[in-house]
$ cat run13.cif   # mmCIF, C-alpha atoms
data_query
#
loop_
_atom_site.label_atom_id
_atom_site.label_comp_id
_atom_site.auth_asym_id
_atom_site.auth_seq_id
_atom_site.Cartn_x
_atom_site.Cartn_y
_atom_site.Cartn_z
CA MET S 1 -13.67 0.63 -5.46
CA GLY S 2 -12.86 3.97 -3.87
CA CYS S 3 -9.22 3.52 -4.79
CA VAL S 4 -8.73 6.21 -7.46
CA LEU S 5 -9.87 9.76 -8.09
CA GLU S 6 -12.74 9.45 -10.52
CA SER S 7 -13.70 11.96 -13.19
CA VAL S 8 -16.54 14.05 -11.82
CA ALA S 9 -18.88 16.24 -13.84
CA SER S 10 -22.12 16.78 -11.98
CA SER S 11 -24.29 18.48 -14.59
CA ARG S 12 -27.63 17.85 -12.90
CA ASN S 13 -29.47 21.22 -12.47
CA VAL S 14 -26.19 23.09 -13.08
CA ARG S 15 -24.98 24.98 -16.17
CA PHE S 16 -21.26 24.98 -16.85
CA LEU S 17 -19.19 27.47 -18.81
CA SER S 18 -17.27 25.81 -21.64
CA THR S 19 -13.72 27.04 -22.16
CA GLU S 20 -13.73 25.97 -25.81
CA SER S 21 -16.86 27.68 -27.14
CA ASN S 22 -19.42 30.37 -26.37
CA LYS S 23 -21.94 27.74 -25.31
CA THR S 24 -23.00 27.67 -21.68
CA ASP S 25 -24.76 24.32 -21.65
CA GLU S 26 -21.76 22.04 -22.23
CA PRO S 27 -20.47 20.23 -19.13
CA PHE S 28 -16.93 21.09 -18.13
CA LYS S 29 -14.98 17.82 -18.15
CA VAL S 30 -12.60 17.08 -15.31
CA GLU S 31 -10.01 14.46 -16.19
CA GLU S 32 -8.50 12.00 -13.70
CA ALA S 33 -6.11 13.85 -11.41
CA GLU S 34 -2.50 12.76 -11.37
CA THR S 35 -0.57 13.46 -8.19
CA VAL S 36 2.85 14.96 -8.78
CA ASN S 37 5.59 12.70 -7.55
CA MET S 38 7.60 15.41 -5.80
CA PRO S 39 10.41 14.74 -3.30
CA PRO S 40 9.02 14.96 0.26
CA PRO S 41 10.02 17.82 2.58
CA PRO S 42 13.04 17.11 4.80
CA THR S 43 10.85 16.91 7.92
CA GLU S 44 9.20 13.68 6.73
CA LYS S 45 9.90 10.66 8.92
CA LEU S 46 8.54 7.28 7.89
CA LEU S 47 8.16 4.26 10.16
CA VAL S 48 7.99 0.94 8.33
CA LEU S 49 6.45 -1.89 10.32
CA GLY S 50 8.19 -5.07 9.21
CA GLY S 51 10.94 -3.13 7.48
CA ASN S 52 13.37 -6.05 7.52
CA GLY S 53 11.10 -8.31 5.44
CA PHE S 54 10.81 -8.81 1.69
CA VAL S 55 8.36 -5.97 0.97
CA GLY S 56 9.42 -3.83 3.92
CA SER S 57 13.09 -3.71 2.95
CA HIS S 58 12.21 -2.52 -0.55
CA ILE S 59 9.99 0.18 0.98
CA CYS S 60 12.83 1.33 3.24
CA LYS S 61 15.19 1.63 0.28
CA GLU S 62 12.64 3.44 -1.88
CA ALA S 63 11.93 5.96 0.89
CA LEU S 64 15.63 6.60 1.48
CA ASP S 65 16.10 7.17 -2.26
CA ARG S 66 13.40 9.84 -2.03
CA GLY S 67 15.17 11.63 0.81
CA VAL S 68 12.88 10.50 3.62
CA THR S 69 14.14 9.75 7.12
CA VAL S 70 13.34 6.05 7.61
CA ALA S 71 12.86 3.94 10.72
CA SER S 72 11.85 0.29 10.90
CA LEU S 73 10.13 -1.68 13.63
CA SER S 74 10.15 -5.48 13.87
CA ARG S 75 10.46 -8.21 16.46
CA THR S 76 14.08 -8.86 15.50
CA GLY S 77 15.28 -5.29 15.06
CA ARG S 78 18.09 -4.66 12.60
CA SER S 79 17.92 -6.40 9.25
CA SER S 80 20.55 -8.92 8.17
CA ILE S 81 20.76 -7.12 4.82
CA GLN S 82 24.34 -6.02 4.19
CA ASP S 83 23.59 -3.43 1.51
CA SER S 84 24.92 0.06 2.29
CA TRP S 85 21.47 1.68 2.39
CA ALA S 86 20.55 -0.41 5.44
CA ASN S 87 23.02 1.66 7.49
CA SER S 88 20.81 4.72 6.97
CA VAL S 89 17.72 3.09 8.53
CA ILE S 90 16.91 3.57 12.21
CA TRP S 91 16.21 0.02 13.37
CA HIS S 92 13.81 -0.51 16.29
CA GLN S 93 12.95 -3.77 18.02
CA GLY S 94 9.46 -4.15 19.46
CA ASN S 95 6.26 -6.14 19.69
CA LEU S 96 3.01 -4.72 18.30
CA PHE S 97 1.10 -6.63 20.99
CA SER S 98 2.92 -4.60 23.66
CA THR S 99 2.61 -0.90 22.87
CA ASP S 100 5.05 0.09 25.60
CA SER S 101 7.80 -1.87 23.83
CA TRP S 102 7.70 0.30 20.70
CA LYS S 103 5.88 3.56 21.45
CA ASP S 104 9.17 5.48 21.38
CA ALA S 105 9.57 4.43 17.75
CA LEU S 106 6.63 6.74 16.89
CA LYS S 107 8.42 9.87 18.12
CA GLY S 108 8.54 12.43 15.31
CA VAL S 109 6.95 10.04 12.80
CA THR S 110 4.74 11.67 10.14
CA SER S 111 3.65 8.51 8.34
CA VAL S 112 3.57 4.74 8.83
CA ILE S 113 3.59 1.88 6.33
CA SER S 114 2.66 -1.54 7.70
CA CYS S 115 3.86 -4.70 5.98
CA VAL S 116 2.95 -6.88 8.96
CA GLY S 117 1.28 -10.20 8.14
CA GLY S 118 1.74 -13.93 8.27
CA PHE S 119 0.29 -17.41 7.94
CA GLY S 120 -0.50 -20.27 10.31
CA SER S 121 -3.66 -21.42 12.07
CA ASN S 122 -6.78 -19.31 11.59
CA SER S 123 -6.48 -17.81 15.07
CA HIS S 124 -2.79 -17.01 14.53
CA MET S 125 -3.44 -15.46 11.11
CA TYR S 126 -6.20 -13.25 12.50
CA LYS S 127 -3.92 -12.14 15.33
CA ILE S 128 -0.95 -11.29 13.08
CA ASN S 129 -2.86 -9.78 10.14
CA GLY S 130 -5.66 -8.21 12.16
CA THR S 131 -4.96 -7.51 15.82
CA ALA S 132 -1.30 -6.52 15.39
CA ASN S 133 -2.16 -3.99 12.69
CA ILE S 134 -5.18 -2.68 14.58
CA ASN S 135 -2.90 -2.02 17.57
CA ALA S 136 -0.46 -0.18 15.31
CA ILE S 137 -3.19 1.93 13.68
CA ARG S 138 -4.61 2.97 17.05
CA ALA S 139 -1.20 3.82 18.50
CA ALA S 140 -0.23 5.86 15.44
CA SER S 141 -3.53 7.73 15.48
CA GLU S 142 -3.20 8.56 19.18
CA GLU S 143 0.37 9.77 18.59
CA GLY S 144 -0.85 12.16 15.88
CA VAL S 145 0.73 10.42 12.87
CA LYS S 146 -0.75 12.03 9.75
CA ARG S 147 -0.84 9.17 7.25
CA PHE S 148 -0.98 5.38 7.47
CA VAL S 149 -0.50 2.97 4.56
CA TYR S 150 -1.42 -0.68 4.97
CA ILE S 151 -0.14 -3.40 2.65
CA SER S 152 -3.15 -5.70 2.56
CA ALA S 153 -4.02 -8.40 0.00
CA ALA S 154 -6.22 -8.84 -3.05
CA ASP S 155 -9.38 -10.89 -2.81
CA PHE S 156 -8.66 -14.34 -4.26
CA GLY S 157 -12.22 -15.63 -4.11
CA ILE S 158 -12.24 -19.24 -3.00
CA ALA S 159 -8.87 -18.81 -1.29
CA ASN S 160 -10.60 -16.53 1.23
CA TYR S 161 -12.31 -19.58 2.70
CA VAL S 162 -9.16 -21.65 2.85
CA LEU S 163 -7.25 -18.83 4.57
CA GLN S 164 -10.18 -17.50 6.55
CA GLY S 165 -8.19 -16.08 9.46
CA TYR S 166 -5.77 -14.37 7.08
CA TYR S 167 -8.43 -12.49 5.14
CA GLU S 168 -10.69 -11.77 8.12
CA GLY S 169 -7.70 -10.27 9.90
CA LYS S 170 -6.77 -8.16 6.86
CA ARG S 171 -10.31 -6.83 6.46
CA ALA S 172 -10.61 -6.04 10.19
CA ALA S 173 -7.40 -4.00 9.98
CA GLU S 174 -8.68 -2.23 6.86
CA THR S 175 -11.91 -1.27 8.63
CA GLU S 176 -9.97 0.12 11.59
CA LEU S 177 -7.69 2.11 9.28
CA LEU S 178 -10.51 3.71 7.30
CA THR S 179 -12.27 4.58 10.58
CA ARG S 180 -9.22 6.14 12.23
CA TYR S 181 -7.78 7.65 9.04
CA PRO S 182 -10.67 8.69 6.76
CA TYR S 183 -8.46 11.25 4.99
CA GLY S 184 -4.98 9.81 5.44
CA GLY S 185 -5.49 6.06 5.29
CA ILE S 186 -4.43 4.14 2.18
CA ILE S 187 -4.85 0.41 1.65
CA LEU S 188 -2.86 -1.35 -1.06
CA ARG S 189 -4.26 -4.69 -2.21
CA PRO S 190 -1.64 -6.42 -4.36
CA GLY S 191 -1.91 -10.06 -5.35
CA PHE S 192 1.23 -12.14 -5.71
CA ILE S 193 4.24 -9.87 -5.12
CA TYR S 194 7.32 -10.96 -7.00
CA GLY S 195 10.96 -9.93 -6.93
CA THR S 196 14.21 -11.34 -5.61
CA ARG S 197 13.60 -12.76 -2.13
CA ARG S 198 16.40 -13.46 0.31
CA VAL S 199 16.21 -16.76 2.16
CA GLY S 200 19.26 -16.87 4.37
CA SER S 201 22.22 -16.45 2.05
CA MET S 202 20.22 -17.50 -1.02
CA LYS S 203 18.35 -15.24 -3.44
CA LEU S 204 15.19 -16.55 -5.08
CA PRO S 205 14.43 -14.79 -8.41
CA LEU S 206 10.64 -14.92 -8.31
CA GLY S 207 10.51 -12.48 -11.21
CA VAL S 208 11.22 -15.38 -13.55
CA ILE S 209 7.62 -16.43 -12.94
CA GLY S 210 5.98 -13.21 -11.86
CA SER S 211 7.07 -10.85 -14.63
CA PRO S 212 5.63 -12.87 -17.57
CA LEU S 213 2.39 -13.47 -15.64
CA GLU S 214 2.06 -9.76 -14.93
CA MET S 215 2.39 -8.91 -18.62
CA ILE S 216 -0.28 -11.45 -19.55
CA LEU S 217 -2.81 -10.96 -16.76
CA GLN S 218 -2.82 -7.17 -16.59
CA ARG S 219 -4.32 -7.30 -20.09
CA ALA S 220 -6.94 -9.78 -18.97
CA LYS S 221 -8.73 -7.55 -16.47
CA PRO S 222 -12.25 -8.62 -17.59
CA LEU S 223 -11.45 -12.19 -16.54
CA SER S 224 -11.04 -11.06 -12.94
CA GLN S 225 -14.77 -10.23 -12.86
CA ILE S 226 -15.81 -13.87 -13.34
CA PRO S 227 -17.53 -15.14 -10.15
CA LEU S 228 -15.48 -17.42 -7.85
CA VAL S 229 -12.57 -18.05 -10.22
CA GLY S 230 -12.15 -14.48 -11.50
CA PRO S 231 -9.87 -13.29 -8.68
CA LEU S 232 -7.39 -16.02 -9.66
CA PHE S 233 -6.64 -13.92 -12.76
CA THR S 234 -5.36 -11.01 -10.63
CA PRO S 235 -1.98 -10.09 -12.12
CA PRO S 236 1.19 -10.35 -10.02
CA VAL S 237 3.00 -7.11 -9.22
CA ASN S 238 6.68 -6.33 -8.82
CA VAL S 239 7.80 -5.54 -5.27
CA THR S 240 9.46 -2.35 -6.51
CA ALA S 241 6.10 -1.13 -7.82
CA VAL S 242 4.44 -1.82 -4.47
CA ALA S 243 7.27 0.00 -2.66
CA LYS S 244 7.09 3.00 -4.97
CA VAL S 245 3.33 3.44 -4.56
CA ALA S 246 3.42 2.80 -0.80
CA VAL S 247 6.07 5.48 -0.22
CA ARG S 248 4.28 7.91 -2.48
CA ALA S 249 0.99 7.30 -0.67
CA ALA S 250 2.69 7.84 2.69
CA THR S 251 4.47 11.07 1.76
CA ASP S 252 2.23 12.78 -0.82
CA PRO S 253 -0.50 14.74 1.04
CA VAL S 254 -2.78 14.79 -2.02
CA PHE S 255 -2.56 11.06 -2.71
CA PRO S 256 -6.19 9.88 -2.48
CA PRO S 257 -7.22 7.87 0.59
CA GLY S 258 -9.02 4.54 0.32
CA VAL S 259 -8.37 1.18 -1.31
CA ILE S 260 -5.95 0.78 -4.23
CA ASP S 261 -6.30 -2.53 -6.07
CA VAL S 262 -3.56 -4.21 -8.11
CA HIS S 263 -4.50 -2.35 -11.28
CA GLY S 264 -4.31 0.94 -9.40
CA ILE S 265 -0.90 -0.03 -8.03
CA LEU S 266 0.34 -0.76 -11.54
CA ARG S 267 -1.03 2.53 -12.86
CA TYR S 268 0.38 4.70 -10.06
CA SER S 269 3.78 2.97 -10.29
CA GLN S 270 4.01 3.87 -13.97
CA GLN S 271 3.27 7.57 -13.52
CA ARG S 272 6.21 9.80 -14.16
CA SER S 273 8.50 11.13 -11.44
CA VAL S 274 9.75 14.71 -11.40
#

$ encode --input "run13.cif" --output "structure tokens"
Amino acid sequence: MGCVLESVASSRNVRFLSTESNKTDEPFKVEEAETVNMPPPPTEKLLVLGGNGFVGSHICKEALDRGVTVASLSRTGRSSIQDSWANSVIWHQGNLFSTDSWKDALKGVTSVISCVGGFGSNSHMYKINGTANINAIRAASEEGVKRFVYISAADFGIANYVLQGYYEGKRAAETELLTRYPYGGIILRPGFIYGTRRVGSMKLPLGVIGSPLEMILQRAKPLSQIPLVGPLFTPPVNVTAVAKVAVRAATDPVFPPGVIDVHGILRYSQQRSV
């Protein structure tokens, strides 16, 4: 996948100067580039679509911790989260199917992260995962937003047929993003995202299941290449890792565009911060 910067050494019909010897016929090796996780400039303003949800709230907190001005847009507006950081978020209420209801939320925004998605009938899933995000991508592009990060989903093989509308909607949104944002569009494809979820006043510690599975399955990458059942071996990923990579992708101008799979998410989340 085009989700990481690959090592490139095009030696065909070209002679390279080696820095380690007097030879002129050794190819100069370029190692994988690592983006520097620098704090964003103070002018950065991030809009999180679905910022009051499980993934979205973690993204809001991560961005605030990095000194970014953060706004959230959702159908319900302000989150019910009582943590102190929530007071620093600019909460907008709007409907992605009615651009006029939320266009003001794009004022001054330099990057967008969309966590919008849902389940239901096939037509409903396509509308929520596809059409809603396509509307957001187009509106952001027309407003001059520089970067757009979309939280999509890993391919789970046979599950794609069971949840046809879900995956068709996701892929339609991905296509629109890569068309509108060839240099500033990033798609994250995690599998099962674990962490502590809030359901009303209750907290569900999904890490009890997800963390051990992540440790096991991230070492079983070859199994994910098995036809049909391989995608079921995609390792889970912690919500904090997804949030960290999403914010970095949205605010780091040299973060590579394209699709980042779960293994790429795990790798980028483990890179050092400075």

$ resolve_selection --input "run13.cif" --expression "the PyMOL selection byres ((chain S and resi 89) around 8)" --output "ChimeraX atom specification"
/S:60,69-72,85-88,90-91

$ residues_around --input "run13.cif" --residues "region 95-100 of chain S" --least-positions-apart "5" --cutoff "12 Å" --atoms "all atoms listed in the file" --output "ChimeraX atom specification"
/S:49-50,73-77,105-106,114,116-117,127-140,142-143

$ write_last_selection --input "run13.cif" --atoms "C-alpha atoms" --output "mmCIF file, in the frame of the given file"
data_model
loop_
_atom_site.group_PDB
_atom_site.id
_atom_site.type_symbol
_atom_site.label_atom_id
_atom_site.label_comp_id
_atom_site.auth_asym_id
_atom_site.auth_seq_id
_atom_site.Cartn_x
_atom_site.Cartn_y
_atom_site.Cartn_z
ATOM 1 C CA LEU S 49 6.450 -1.890 10.320
ATOM 2 C CA GLY S 50 8.190 -5.070 9.210
ATOM 3 C CA LEU S 73 10.130 -1.680 13.630
ATOM 4 C CA SER S 74 10.150 -5.480 13.870
ATOM 5 C CA ARG S 75 10.460 -8.210 16.460
ATOM 6 C CA THR S 76 14.080 -8.860 15.500
ATOM 7 C CA GLY S 77 15.280 -5.290 15.060
ATOM 8 C CA ALA S 105 9.570 4.430 17.750
ATOM 9 C CA LEU S 106 6.630 6.740 16.890
ATOM 10 C CA SER S 114 2.660 -1.540 7.700
ATOM 11 C CA VAL S 116 2.950 -6.880 8.960
ATOM 12 C CA GLY S 117 1.280 -10.200 8.140
ATOM 13 C CA LYS S 127 -3.920 -12.140 15.330
ATOM 14 C CA ILE S 128 -0.950 -11.290 13.080
ATOM 15 C CA ASN S 129 -2.860 -9.780 10.140
ATOM 16 C CA GLY S 130 -5.660 -8.210 12.160
ATOM 17 C CA THR S 131 -4.960 -7.510 15.820
ATOM 18 C CA ALA S 132 -1.300 -6.520 15.390
ATOM 19 C CA ASN S 133 -2.160 -3.990 12.690
ATOM 20 C CA ILE S 134 -5.180 -2.680 14.580
ATOM 21 C CA ASN S 135 -2.900 -2.020 17.570
ATOM 22 C CA ALA S 136 -0.460 -0.180 15.310
ATOM 23 C CA ILE S 137 -3.190 1.930 13.680
ATOM 24 C CA ARG S 138 -4.610 2.970 17.050
ATOM 25 C CA ALA S 139 -1.200 3.820 18.500
ATOM 26 C CA ALA S 140 -0.230 5.860 15.440
ATOM 27 C CA GLU S 142 -3.200 8.560 19.180
ATOM 28 C CA GLU S 143 0.370 9.770 18.590
#

$ closest_residue --input "run13.cif" --among "S:Ala241, S:Ile260, S:Ile81, S:Ala154" --to "Phe192 (chain S)" --atoms "all atoms listed in the file"
S:Ala154

$ atom_distance --input "run13.cif" --atom1 "CA of Ser141 (chain S)" --atom2 "CA of Asn52 (chain S)"
23.2 Å

$ atom_distance --input "run13.cif" --atom1 "CA of Lys61 (chain S)" --atom2 "CA of Glu44 (chain S)"
14.9 Å

$ atom_distance --input "run13.cif" --atom1 "CA of Val149 (chain S)" --atom2 "CA of Leu188 (chain S)"
7.5 Å

$ residues_around --input "run13.cif" --residues "Tyr166 (chain S)" --least-positions-apart "5" --cutoff "7 Å" --atoms "all atoms listed in the file" --output "count of residues only"
5

$ resolve_selection --input "run13.cif" --expression "the PyMOL selection byres ((chain S and resi 187) around 10)" --output "PyMOL selection string"
chain S and resi 3+113-114+148-153+173-174+177-178+185-186+188-190+246+249+257-261

$ resolve_selection --input "run13.cif" --expression "the PyMOL selection byres ((chain S and resi 237) around 6)" --output "list in words"
Ile193, Pro236 and Asn238 of chain S

$ closest_residue --input "run13.cif" --among "S:Gly53, S:Gln270, S:Thr175, S:Ile265" --to "Arg78 (chain S)" --atoms "all atoms listed in the file"
S:Gly53

$ closest_residue --input "run13.cif" --among "S:Val247, S:Val145, S:Val254, S:Leu266" --to "Leu64 (chain S)" --atoms "all atoms listed in the file"
S:Val247

$ residues_around --input "run13.cif" --residues "Val109 (chain S)" --least-positions-apart "4" --cutoff "7 Å" --atoms "all atoms listed in the file" --output "VMD selection string"
chain S and resid 45 to 47 145
